[in-house]
$ cat final.cif   # mmCIF, N, CA and C atoms
data_input
#
loop_
_atom_site.label_atom_id
_atom_site.label_comp_id
_atom_site.auth_asym_id
_atom_site.auth_seq_id
_atom_site.Cartn_x
_atom_site.Cartn_y
_atom_site.Cartn_z
N MET A 447 54.04 84.37 -141.40
CA MET A 447 55.45 84.68 -141.57
C MET A 447 56.19 83.43 -142.04
N SER A 448 56.99 83.58 -143.05
CA SER A 448 57.81 82.46 -143.54
C SER A 448 58.87 82.10 -142.50
N LYS A 449 59.31 80.87 -142.59
CA LYS A 449 60.33 80.37 -141.66
C LYS A 449 61.53 79.86 -142.46
N ALA A 450 62.72 80.09 -141.91
CA ALA A 450 63.94 79.70 -142.61
C ALA A 450 64.83 78.83 -141.76
N ILE A 451 65.59 77.98 -142.46
CA ILE A 451 66.67 77.19 -141.86
C ILE A 451 67.95 77.64 -142.55
N LEU A 452 68.94 78.00 -141.76
CA LEU A 452 70.23 78.46 -142.28
C LEU A 452 71.31 77.44 -141.97
N CYS A 453 72.03 77.02 -143.00
CA CYS A 453 73.14 76.07 -142.86
C CYS A 453 74.45 76.82 -143.08
N VAL A 454 75.40 76.61 -142.17
CA VAL A 454 76.66 77.35 -142.22
C VAL A 454 77.82 76.36 -142.17
N ASP A 455 78.63 76.37 -143.21
CA ASP A 455 79.81 75.49 -143.28
C ASP A 455 80.73 76.05 -144.35
N ASP A 456 82.03 75.89 -144.18
CA ASP A 456 82.95 76.41 -145.19
C ASP A 456 83.24 75.41 -146.31
N GLU A 457 82.53 74.30 -146.30
CA GLU A 457 82.65 73.32 -147.38
C GLU A 457 81.33 73.28 -148.16
N LYS A 458 81.38 73.70 -149.41
CA LYS A 458 80.19 73.79 -150.25
C LYS A 458 79.46 72.46 -150.38
N ILE A 459 80.21 71.37 -150.52
CA ILE A 459 79.59 70.04 -150.68
C ILE A 459 78.76 69.67 -149.45
N VAL A 460 79.22 70.07 -148.27
CA VAL A 460 78.48 69.81 -147.04
C VAL A 460 77.16 70.60 -147.06
N LEU A 461 77.24 71.86 -147.45
CA LEU A 461 76.04 72.70 -147.50
C LEU A 461 75.02 72.14 -148.48
N ILE A 462 75.49 71.78 -149.67
CA ILE A 462 74.58 71.25 -150.69
C ILE A 462 73.92 69.96 -150.21
N SER A 463 74.70 69.07 -149.64
CA SER A 463 74.17 67.80 -149.15
C SER A 463 73.14 68.03 -148.03
N LEU A 464 73.48 68.89 -147.11
CA LEU A 464 72.59 69.17 -145.98
C LEU A 464 71.27 69.78 -146.45
N VAL A 465 71.34 70.75 -147.33
CA VAL A 465 70.11 71.39 -147.83
C VAL A 465 69.27 70.40 -148.64
N GLU A 466 69.91 69.55 -149.43
CA GLU A 466 69.16 68.52 -150.17
C GLU A 466 68.41 67.61 -149.21
N GLN A 467 69.06 67.20 -148.13
CA GLN A 467 68.41 66.33 -147.15
C GLN A 467 67.26 67.04 -146.45
N LEU A 468 67.46 68.32 -146.12
CA LEU A 468 66.39 69.10 -145.49
C LEU A 468 65.19 69.25 -146.42
N ARG A 469 65.45 69.57 -147.69
CA ARG A 469 64.36 69.71 -148.66
C ARG A 469 63.61 68.40 -148.84
N GLU A 470 64.35 67.29 -148.88
CA GLU A 470 63.73 65.99 -149.04
C GLU A 470 62.79 65.70 -147.87
N ARG A 471 63.22 66.04 -146.67
CA ARG A 471 62.43 65.76 -145.47
C ARG A 471 61.28 66.75 -145.26
N PHE A 472 61.59 68.05 -145.42
CA PHE A 472 60.62 69.08 -145.05
C PHE A 472 59.97 69.78 -146.24
N GLN A 473 60.35 69.37 -147.46
CA GLN A 473 59.76 69.92 -148.68
C GLN A 473 59.85 71.45 -148.69
N ASP A 474 58.74 72.11 -148.95
CA ASP A 474 58.74 73.57 -149.05
C ASP A 474 58.17 74.24 -147.79
N GLN A 475 58.29 73.56 -146.66
CA GLN A 475 57.82 74.16 -145.40
C GLN A 475 58.68 75.35 -144.99
N PHE A 476 59.93 75.38 -145.45
CA PHE A 476 60.88 76.40 -145.02
C PHE A 476 61.63 77.00 -146.19
N VAL A 477 62.20 78.16 -145.94
CA VAL A 477 63.19 78.76 -146.84
C VAL A 477 64.53 78.19 -146.40
N TYR A 478 65.35 77.74 -147.32
CA TYR A 478 66.66 77.16 -146.99
C TYR A 478 67.75 78.10 -147.47
N GLU A 479 68.63 78.49 -146.57
CA GLU A 479 69.72 79.40 -146.90
C GLU A 479 71.05 78.74 -146.53
N MET A 480 72.10 79.15 -147.25
CA MET A 480 73.44 78.63 -147.00
C MET A 480 74.41 79.79 -146.83
N ALA A 481 75.39 79.62 -145.95
CA ALA A 481 76.47 80.59 -145.77
C ALA A 481 77.77 79.82 -145.59
N MET A 482 78.84 80.36 -146.14
CA MET A 482 80.14 79.69 -146.05
C MET A 482 81.04 80.25 -144.95
N SER A 483 80.48 81.16 -144.13
CA SER A 483 81.22 81.67 -142.97
C SER A 483 80.21 82.20 -141.96
N ALA A 484 80.66 82.32 -140.73
CA ALA A 484 79.79 82.87 -139.68
C ALA A 484 79.45 84.32 -139.98
N GLU A 485 80.42 85.05 -140.48
CA GLU A 485 80.20 86.46 -140.78
C GLU A 485 79.12 86.62 -141.85
N GLU A 486 79.19 85.81 -142.91
CA GLU A 486 78.18 85.84 -143.96
C GLU A 486 76.82 85.43 -143.39
N ALA A 487 76.81 84.44 -142.52
CA ALA A 487 75.56 83.95 -141.92
C ALA A 487 74.88 85.04 -141.10
N LEU A 488 75.64 85.82 -140.35
CA LEU A 488 75.05 86.89 -139.55
C LEU A 488 74.36 87.92 -140.45
N LEU A 489 74.97 88.24 -141.58
CA LEU A 489 74.35 89.17 -142.54
C LEU A 489 73.07 88.58 -143.11
N ILE A 490 73.11 87.29 -143.46
CA ILE A 490 71.94 86.62 -144.03
C ILE A 490 70.79 86.61 -143.02
N ILE A 491 71.09 86.32 -141.77
CA ILE A 491 70.05 86.31 -140.73
C ILE A 491 69.38 87.67 -140.65
N ASP A 492 70.19 88.74 -140.60
CA ASP A 492 69.62 90.09 -140.51
C ASP A 492 68.76 90.40 -141.73
N GLU A 493 69.21 90.00 -142.93
CA GLU A 493 68.44 90.24 -144.15
C GLU A 493 67.12 89.48 -144.13
N LEU A 494 67.17 88.23 -143.69
CA LEU A 494 65.94 87.44 -143.61
C LEU A 494 64.94 88.07 -142.64
N ILE A 495 65.42 88.45 -141.48
CA ILE A 495 64.55 89.07 -140.47
C ILE A 495 63.95 90.36 -141.03
N ASP A 496 64.79 91.17 -141.70
CA ASP A 496 64.29 92.41 -142.32
C ASP A 496 63.22 92.14 -143.36
N ASP A 497 63.31 90.99 -144.04
CA ASP A 497 62.33 90.60 -145.05
C ASP A 497 61.11 89.89 -144.46
N GLY A 498 61.04 89.82 -143.13
CA GLY A 498 59.90 89.20 -142.48
C GLY A 498 59.96 87.69 -142.43
N ILE A 499 61.16 87.14 -142.58
CA ILE A 499 61.34 85.69 -142.53
C ILE A 499 61.99 85.32 -141.20
N ASN A 500 61.35 84.46 -140.45
CA ASN A 500 61.83 84.05 -139.13
C ASN A 500 62.85 82.92 -139.27
N VAL A 501 64.06 83.14 -138.79
CA VAL A 501 65.10 82.10 -138.83
C VAL A 501 64.87 81.21 -137.61
N ILE A 502 64.31 80.02 -137.85
CA ILE A 502 63.94 79.16 -136.73
C ILE A 502 65.05 78.17 -136.35
N LEU A 503 65.97 77.91 -137.31
CA LEU A 503 67.02 76.93 -137.04
C LEU A 503 68.30 77.32 -137.77
N VAL A 504 69.42 77.23 -137.03
CA VAL A 504 70.74 77.41 -137.62
C VAL A 504 71.52 76.13 -137.36
N ILE A 505 72.10 75.59 -138.43
CA ILE A 505 72.95 74.40 -138.32
C ILE A 505 74.34 74.86 -138.73
N SER A 506 75.30 74.80 -137.80
CA SER A 506 76.61 75.37 -138.08
C SER A 506 77.75 74.42 -137.77
N ASP A 507 78.75 74.49 -138.63
CA ASP A 507 80.03 73.84 -138.38
C ASP A 507 80.73 74.62 -137.27
N TRP A 508 81.77 74.04 -136.71
CA TRP A 508 82.55 74.75 -135.71
C TRP A 508 83.82 75.34 -136.32
N LEU A 509 84.58 74.52 -137.03
CA LEU A 509 85.87 74.96 -137.56
C LEU A 509 85.69 75.59 -138.93
N MET A 510 85.68 76.93 -138.93
CA MET A 510 85.56 77.70 -140.17
C MET A 510 86.57 78.84 -140.13
N ARG A 511 86.90 79.36 -141.31
CA ARG A 511 87.77 80.53 -141.35
C ARG A 511 87.06 81.69 -140.67
N GLY A 512 87.80 82.53 -140.02
CA GLY A 512 87.19 83.65 -139.32
C GLY A 512 86.59 83.20 -138.00
N MET A 513 85.39 83.61 -137.74
CA MET A 513 84.71 83.29 -136.49
C MET A 513 84.39 81.80 -136.41
N LYS A 514 84.68 81.20 -135.28
CA LYS A 514 84.36 79.78 -135.04
C LYS A 514 82.88 79.63 -134.74
N GLY A 515 82.39 78.41 -134.91
CA GLY A 515 80.97 78.12 -134.73
C GLY A 515 80.42 78.40 -133.35
N ASP A 516 81.23 78.16 -132.32
CA ASP A 516 80.70 78.40 -130.96
C ASP A 516 80.42 79.89 -130.74
N GLU A 517 81.36 80.73 -131.13
CA GLU A 517 81.17 82.17 -130.98
C GLU A 517 79.98 82.65 -131.81
N PHE A 518 79.87 82.13 -133.04
CA PHE A 518 78.76 82.47 -133.92
C PHE A 518 77.42 82.10 -133.31
N LEU A 519 77.29 80.87 -132.83
CA LEU A 519 76.01 80.42 -132.28
C LEU A 519 75.63 81.20 -131.02
N ILE A 520 76.61 81.58 -130.24
CA ILE A 520 76.33 82.41 -129.05
C ILE A 520 75.81 83.78 -129.49
N GLN A 521 76.41 84.35 -130.53
CA GLN A 521 75.92 85.65 -131.04
C GLN A 521 74.49 85.53 -131.56
N VAL A 522 74.21 84.46 -132.28
CA VAL A 522 72.85 84.24 -132.79
C VAL A 522 71.88 84.14 -131.62
N HIS A 523 72.25 83.37 -130.61
CA HIS A 523 71.37 83.17 -129.46
C HIS A 523 71.11 84.48 -128.72
N LYS A 524 72.13 85.30 -128.56
CA LYS A 524 71.95 86.57 -127.85
C LYS A 524 71.02 87.50 -128.62
N LYS A 525 71.14 87.50 -129.94
CA LYS A 525 70.34 88.41 -130.76
C LYS A 525 68.94 87.84 -131.03
N TYR A 526 68.86 86.53 -131.23
CA TYR A 526 67.59 85.86 -131.57
C TYR A 526 67.43 84.63 -130.67
N PRO A 527 67.06 84.81 -129.42
CA PRO A 527 67.03 83.69 -128.46
C PRO A 527 66.07 82.56 -128.80
N LYS A 528 65.09 82.79 -129.66
CA LYS A 528 64.15 81.73 -130.02
C LYS A 528 64.66 80.85 -131.16
N THR A 529 65.74 81.28 -131.81
CA THR A 529 66.31 80.48 -132.89
C THR A 529 67.01 79.26 -132.29
N LEU A 530 66.71 78.09 -132.83
CA LEU A 530 67.34 76.85 -132.38
C LEU A 530 68.68 76.69 -133.09
N ASN A 531 69.69 76.23 -132.36
CA ASN A 531 71.03 76.09 -132.92
C ASN A 531 71.56 74.66 -132.76
N ILE A 532 72.06 74.13 -133.87
CA ILE A 532 72.69 72.82 -133.87
C ILE A 532 74.12 72.97 -134.36
N MET A 533 75.06 72.36 -133.65
CA MET A 533 76.44 72.32 -134.12
C MET A 533 76.65 70.98 -134.80
N LEU A 534 77.03 71.01 -136.06
CA LEU A 534 77.25 69.82 -136.87
C LEU A 534 78.72 69.86 -137.30
N THR A 535 79.55 69.08 -136.63
CA THR A 535 80.98 69.18 -136.89
C THR A 535 81.71 67.91 -136.51
N GLY A 536 82.86 67.74 -137.08
CA GLY A 536 83.70 66.60 -136.73
C GLY A 536 84.93 67.02 -135.96
N GLN A 537 85.05 68.34 -135.70
CA GLN A 537 86.30 68.81 -135.13
C GLN A 537 86.17 69.74 -133.94
N ALA A 538 85.02 69.90 -133.38
CA ALA A 538 84.86 70.82 -132.25
C ALA A 538 85.59 70.30 -131.02
N THR A 539 86.17 71.22 -130.28
CA THR A 539 86.80 70.86 -129.02
C THR A 539 85.71 70.74 -127.96
N SER A 540 86.02 70.02 -126.91
CA SER A 540 85.03 69.89 -125.83
C SER A 540 84.78 71.25 -125.18
N ASP A 541 85.80 72.11 -125.12
CA ASP A 541 85.62 73.45 -124.57
C ASP A 541 84.65 74.27 -125.41
N ALA A 542 84.74 74.13 -126.73
CA ALA A 542 83.84 74.88 -127.62
C ALA A 542 82.39 74.45 -127.42
N VAL A 543 82.17 73.14 -127.36
CA VAL A 543 80.81 72.63 -127.16
C VAL A 543 80.30 73.06 -125.78
N LYS A 544 81.13 72.95 -124.78
CA LYS A 544 80.76 73.36 -123.42
C LYS A 544 80.41 74.85 -123.40
N ASN A 545 81.20 75.66 -124.07
CA ASN A 545 80.97 77.10 -124.13
C ASN A 545 79.60 77.41 -124.70
N VAL A 546 79.24 76.78 -125.80
CA VAL A 546 77.95 77.02 -126.44
C VAL A 546 76.81 76.53 -125.55
N LYS A 547 76.97 75.34 -124.98
CA LYS A 547 75.91 74.80 -124.10
C LYS A 547 75.70 75.69 -122.88
N GLU A 548 76.79 76.13 -122.26
CA GLU A 548 76.68 76.96 -121.06
C GLU A 548 76.02 78.30 -121.33
N ASN A 549 76.12 78.77 -122.55
CA ASN A 549 75.49 80.03 -122.92
C ASN A 549 74.08 79.83 -123.45
N GLY A 550 73.57 78.62 -123.36
CA GLY A 550 72.20 78.32 -123.76
C GLY A 550 71.96 78.40 -125.25
N ALA A 551 73.04 78.33 -126.02
CA ALA A 551 72.92 78.57 -127.46
C ALA A 551 72.90 77.29 -128.29
N LEU A 552 72.79 76.13 -127.65
CA LEU A 552 72.88 74.88 -128.40
C LEU A 552 71.78 73.92 -127.98
N VAL A 553 71.01 73.44 -128.97
CA VAL A 553 69.99 72.44 -128.66
C VAL A 553 70.46 71.04 -129.02
N ALA A 554 71.50 70.95 -129.88
CA ALA A 554 72.01 69.63 -130.25
C ALA A 554 73.42 69.75 -130.82
N PHE A 555 74.18 68.69 -130.61
CA PHE A 555 75.51 68.54 -131.20
C PHE A 555 75.49 67.25 -131.99
N VAL A 556 75.86 67.33 -133.27
CA VAL A 556 75.86 66.15 -134.13
C VAL A 556 77.23 66.07 -134.80
N SER A 557 77.83 64.89 -134.73
CA SER A 557 79.16 64.68 -135.32
C SER A 557 79.06 64.42 -136.82
N LYS A 558 80.07 64.90 -137.53
CA LYS A 558 80.25 64.56 -138.95
C LYS A 558 81.12 63.33 -139.02
N PRO A 559 80.95 62.49 -139.98
CA PRO A 559 79.82 62.50 -140.92
C PRO A 559 78.54 62.12 -140.18
N TRP A 560 77.47 62.78 -140.52
CA TRP A 560 76.22 62.56 -139.81
C TRP A 560 75.41 61.44 -140.45
N ASP A 561 74.59 60.85 -139.61
CA ASP A 561 73.62 59.87 -140.07
C ASP A 561 72.37 60.65 -140.49
N LYS A 562 72.02 60.56 -141.76
CA LYS A 562 70.92 61.34 -142.33
C LYS A 562 69.62 61.16 -141.54
N ASP A 563 69.22 59.91 -141.30
CA ASP A 563 67.96 59.66 -140.60
C ASP A 563 67.98 60.23 -139.20
N TYR A 564 69.10 60.05 -138.51
CA TYR A 564 69.21 60.59 -137.14
C TYR A 564 69.05 62.11 -137.15
N LEU A 565 69.81 62.78 -138.03
CA LEU A 565 69.79 64.24 -138.07
C LEU A 565 68.41 64.77 -138.46
N MET A 566 67.81 64.20 -139.49
CA MET A 566 66.50 64.68 -139.93
C MET A 566 65.43 64.43 -138.87
N ASN A 567 65.49 63.29 -138.19
CA ASN A 567 64.55 63.01 -137.10
C ASN A 567 64.77 63.96 -135.93
N LYS A 568 66.02 64.25 -135.63
CA LYS A 568 66.36 65.19 -134.54
C LYS A 568 65.79 66.57 -134.85
N ILE A 569 66.03 67.03 -136.08
CA ILE A 569 65.52 68.34 -136.49
C ILE A 569 64.00 68.34 -136.48
N GLY A 570 63.40 67.27 -137.02
CA GLY A 570 61.94 67.17 -137.02
C GLY A 570 61.37 67.26 -135.62
N GLY A 571 62.00 66.55 -134.68
CA GLY A 571 61.54 66.59 -133.29
C GLY A 571 61.65 67.98 -132.69
N LEU A 572 62.72 68.67 -132.99
CA LEU A 572 62.91 70.03 -132.47
C LEU A 572 61.88 71.00 -133.05
N LEU A 573 61.65 70.89 -134.35
CA LEU A 573 60.76 71.84 -135.02
C LEU A 573 59.29 71.53 -134.81
N GLU A 574 58.98 70.28 -134.52
CA GLU A 574 57.58 69.88 -134.34
C GLU A 574 57.24 69.66 -132.87
N GLY A 575 58.16 70.05 -131.99
CA GLY A 575 57.99 69.84 -130.56
C GLY A 575 56.89 70.68 -129.96
N PRO A 576 56.72 70.57 -128.64
CA PRO A 576 55.62 71.27 -127.96
C PRO A 576 55.71 72.78 -128.05
N ASP A 577 56.93 73.32 -128.18
CA ASP A 577 57.10 74.76 -128.26
C ASP A 577 57.41 75.17 -129.70
N GLU A 578 56.61 74.64 -130.64
CA GLU A 578 56.87 74.87 -132.06
C GLU A 578 57.08 76.34 -132.34
N VAL A 579 58.13 76.62 -133.11
CA VAL A 579 58.50 78.02 -133.41
C VAL A 579 57.81 78.50 -134.66
#

$ encode --input "final.cif" --output "structure tokens"
Amino acid sequence: MSKAILCVDDEKIVLISLVEQLRERFQDQFVYEMAMSAEEALLIIDELIDDGINVILVISDWLMRGMKGDEFLIQVHKKYPKTLNIMLTGQATSDAVKNVKENGALVAFVSKPWDKDYLMNKIGGLLEGPDEV
């Protein structure tokens, strides 16, 4: 079964940069998808699953039009509990981060602007860990 990483942010330049860094680090190990809203991301996840592609990691901003990142990541976790979720944002409130953590929907929080090496090593550690997905 193919594996996918989904990046969600309402800024196209952030998505492009993030996917470029992921491709550089992980090459063609994964399918890389982008969504500019939580609502679009939920549709993409369902489509990928229907196509037999396992969404193993979601990297999401918090402050987006429509649904905020914390609510989105909680929905992803409830529907697909094995999917790992990272919040990558410069504007999340402490309540939002706490909400996601308390619901078991967050494996990491990374501030923007992110350090490329730190983020890629963090993701590598999560994906190559003892409970590899």

$ resolve_selection --input "final.cif" --expression "the PyMOL selection byres (((chain A and resi 526 and name CA) around 12) and name CA)" --output "MDAnalysis selection string"
chainID A and resid 488 491:492 495 500:504 518:525 527:531 550:551

$ write_last_selection --input "final.cif" --atoms "N, CA and C atoms" --output "PDB file, in the coordinates of the input"
ATOM      1  N   LEU A 488      75.640  85.820-140.350  1.00  0.00           N
ATOM      2  CA  LEU A 488      75.050  86.890-139.550  1.00  0.00           C
ATOM      3  C   LEU A 488      74.360  87.920-140.450  1.00  0.00           C
ATOM      4  N   ILE A 491      71.090  86.320-141.770  1.00  0.00           N
ATOM      5  CA  ILE A 491      70.050  86.310-140.730  1.00  0.00           C
ATOM      6  C   ILE A 491      69.380  87.670-140.650  1.00  0.00           C
ATOM      7  N   ASP A 492      70.190  88.740-140.600  1.00  0.00           N
ATOM      8  CA  ASP A 492      69.620  90.090-140.510  1.00  0.00           C
ATOM      9  C   ASP A 492      68.760  90.400-141.730  1.00  0.00           C
ATOM     10  N   ILE A 495      65.420  88.450-141.480  1.00  0.00           N
ATOM     11  CA  ILE A 495      64.550  89.070-140.470  1.00  0.00           C
ATOM     12  C   ILE A 495      63.950  90.360-141.030  1.00  0.00           C
ATOM     13  N   ASN A 500      61.350  84.460-140.450  1.00  0.00           N
ATOM     14  CA  ASN A 500      61.830  84.050-139.130  1.00  0.00           C
ATOM     15  C   ASN A 500      62.850  82.920-139.270  1.00  0.00           C
ATOM     16  N   VAL A 501      64.060  83.140-138.790  1.00  0.00           N
ATOM     17  CA  VAL A 501      65.100  82.100-138.830  1.00  0.00           C
ATOM     18  C   VAL A 501      64.870  81.210-137.610  1.00  0.00           C
ATOM     19  N   ILE A 502      64.310  80.020-137.850  1.00  0.00           N
ATOM     20  CA  ILE A 502      63.940  79.160-136.730  1.00  0.00           C
ATOM     21  C   ILE A 502      65.050  78.170-136.350  1.00  0.00           C
ATOM     22  N   LEU A 503      65.970  77.910-137.310  1.00  0.00           N
ATOM     23  CA  LEU A 503      67.020  76.930-137.040  1.00  0.00           C
ATOM     24  C   LEU A 503      68.300  77.320-137.770  1.00  0.00           C
ATOM     25  N   VAL A 504      69.420  77.230-137.030  1.00  0.00           N
ATOM     26  CA  VAL A 504      70.740  77.410-137.620  1.00  0.00           C
ATOM     27  C   VAL A 504      71.520  76.130-137.360  1.00  0.00           C
ATOM     28  N   PHE A 518      79.870  82.130-133.040  1.00  0.00           N
ATOM     29  CA  PHE A 518      78.760  82.470-133.920  1.00  0.00           C
ATOM     30  C   PHE A 518      77.420  82.100-133.310  1.00  0.00           C
ATOM     31  N   LEU A 519      77.290  80.870-132.830  1.00  0.00           N
ATOM     32  CA  LEU A 519      76.010  80.420-132.280  1.00  0.00           C
ATOM     33  C   LEU A 519      75.630  81.200-131.020  1.00  0.00           C
ATOM     34  N   ILE A 520      76.610  81.580-130.240  1.00  0.00           N
ATOM     35  CA  ILE A 520      76.330  82.410-129.050  1.00  0.00           C
ATOM     36  C   ILE A 520      75.810  83.780-129.490  1.00  0.00           C
ATOM     37  N   GLN A 521      76.410  84.350-130.530  1.00  0.00           N
ATOM     38  CA  GLN A 521      75.920  85.650-131.040  1.00  0.00           C
ATOM     39  C   GLN A 521      74.490  85.530-131.560  1.00  0.00           C
ATOM     40  N   VAL A 522      74.210  84.460-132.280  1.00  0.00           N
ATOM     41  CA  VAL A 522      72.850  84.240-132.790  1.00  0.00           C
ATOM     42  C   VAL A 522      71.880  84.140-131.620  1.00  0.00           C
ATOM     43  N   HIS A 523      72.250  83.370-130.610  1.00  0.00           N
ATOM     44  CA  HIS A 523      71.370  83.170-129.460  1.00  0.00           C
ATOM     45  C   HIS A 523      71.110  84.480-128.720  1.00  0.00           C
ATOM     46  N   LYS A 524      72.130  85.300-128.560  1.00  0.00           N
ATOM     47  CA  LYS A 524      71.950  86.570-127.850  1.00  0.00           C
ATOM     48  C   LYS A 524      71.020  87.500-128.620  1.00  0.00           C
ATOM     49  N   LYS A 525      71.140  87.500-129.940  1.00  0.00           N
ATOM     50  CA  LYS A 525      70.340  88.410-130.760  1.00  0.00           C
ATOM     51  C   LYS A 525      68.940  87.840-131.030  1.00  0.00           C
ATOM     52  N   PRO A 527      67.060  84.810-129.420  1.00  0.00           N
ATOM     53  CA  PRO A 527      67.030  83.690-128.460  1.00  0.00           C
ATOM     54  C   PRO A 527      66.070  82.560-128.800  1.00  0.00           C
ATOM     55  N   LYS A 528      65.090  82.790-129.660  1.00  0.00           N
ATOM     56  CA  LYS A 528      64.150  81.730-130.020  1.00  0.00           C
ATOM     57  C   LYS A 528      64.660  80.850-131.160  1.00  0.00           C
ATOM     58  N   THR A 529      65.740  81.280-131.810  1.00  0.00           N
ATOM     59  CA  THR A 529      66.310  80.480-132.890  1.00  0.00           C
ATOM     60  C   THR A 529      67.010  79.260-132.290  1.00  0.00           C
ATOM     61  N   LEU A 530      66.710  78.090-132.830  1.00  0.00           N
ATOM     62  CA  LEU A 530      67.340  76.850-132.380  1.00  0.00           C
ATOM     63  C   LEU A 530      68.680  76.690-133.090  1.00  0.00           C
ATOM     64  N   ASN A 531      69.690  76.230-132.360  1.00  0.00           N
ATOM     65  CA  ASN A 531      71.030  76.090-132.920  1.00  0.00           C
ATOM     66  C   ASN A 531      71.560  74.660-132.760  1.00  0.00           C
ATOM     67  N   GLY A 550      73.570  78.620-123.360  1.00  0.00           N
ATOM     68  CA  GLY A 550      72.200  78.320-123.760  1.00  0.00           C
ATOM     69  C   GLY A 550      71.960  78.400-125.250  1.00  0.00           C
ATOM     70  N   ALA A 551      73.040  78.330-126.020  1.00  0.00           N
ATOM     71  CA  ALA A 551      72.920  78.570-127.460  1.00  0.00           C
ATOM     72  C   ALA A 551      72.900  77.290-128.290  1.00  0.00           C
TER      73      ALA A 551
END

$ residues_around --input "final.cif" --residues "A:Ala484" --least-positions-apart "4" --cutoff "7 Å" --atoms "all atoms listed in the file" --output "MDAnalysis selection string"
chainID A and resid 454:455 488:489 510:515 518

$ select_by_dssp --input "final.cif" --residues "chain A" --states "helix (DSSP H, G or I)" --output "ChimeraX atom specification"
/A:458-472,484-496,515-525,540-548,562-573

$ select_by_dssp --input "final.cif" --residues "chain A" --states "strand (DSSP E or B)" --output "ChimeraX atom specification"
/A:449-454,477-481,500-506,530-535,554-557

$ residues_around --input "final.cif" --residues "A:Phe476" --least-positions-apart "3" --cutoff "6 Å" --atoms "all atoms listed in the file" --output "mmCIF file with N, CA and C atoms, keeping the file's coordinate frame"
data_model
loop_
_atom_site.group_PDB
_atom_site.id
_atom_site.type_symbol
_atom_site.label_atom_id
_atom_site.label_comp_id
_atom_site.auth_asym_id
_atom_site.auth_seq_id
_atom_site.Cartn_x
_atom_site.Cartn_y
_atom_site.Cartn_z
ATOM 1 N N LYS A 449 59.310 80.870 -142.590
ATOM 2 C CA LYS A 449 60.330 80.370 -141.660
ATOM 3 C C LYS A 449 61.530 79.860 -142.460
ATOM 4 N N ALA A 450 62.720 80.090 -141.910
ATOM 5 C CA ALA A 450 63.940 79.700 -142.610
ATOM 6 C C ALA A 450 64.830 78.830 -141.760
ATOM 7 N N ILE A 451 65.590 77.980 -142.460
ATOM 8 C CA ILE A 451 66.670 77.190 -141.860
ATOM 9 C C ILE A 451 67.950 77.640 -142.550
ATOM 10 N N PHE A 472 61.590 68.050 -145.420
ATOM 11 C CA PHE A 472 60.620 69.080 -145.050
ATOM 12 C C PHE A 472 59.970 69.780 -146.240
ATOM 13 N N GLN A 473 60.350 69.370 -147.460
ATOM 14 C CA GLN A 473 59.760 69.920 -148.680
ATOM 15 C C GLN A 473 59.850 71.450 -148.690
#

$ closest_residue --input "final.cif" --among "A:Glu466, A:Glu548, A:Asp497, A:Asp516" --to "A:Met566" --atoms "only C-alpha atoms"
A:Glu466

$ closest_residue --input "final.cif" --among "A:Gln467, A:Asp496, A:Ser540, A:Lys547" --to "A:Leu565" --atoms "only C-alpha atoms"
A:Gln467

$ atom_distance --input "final.cif" --atom1 "atom N of A:Val460" --atom2 "atom N of A:Ala487"
15.7 Å

$ closest_residue --input "final.cif" --among "A:Ser557, A:Gln475, A:Ser483, A:Ser463" --to "A:Leu573" --atoms "only C-alpha atoms"
A:Gln475

$ atom_distance --input "final.cif" --atom1 "atom CA of A:Asp474" --atom2 "atom CA of A:Ile459"
21.2 Å
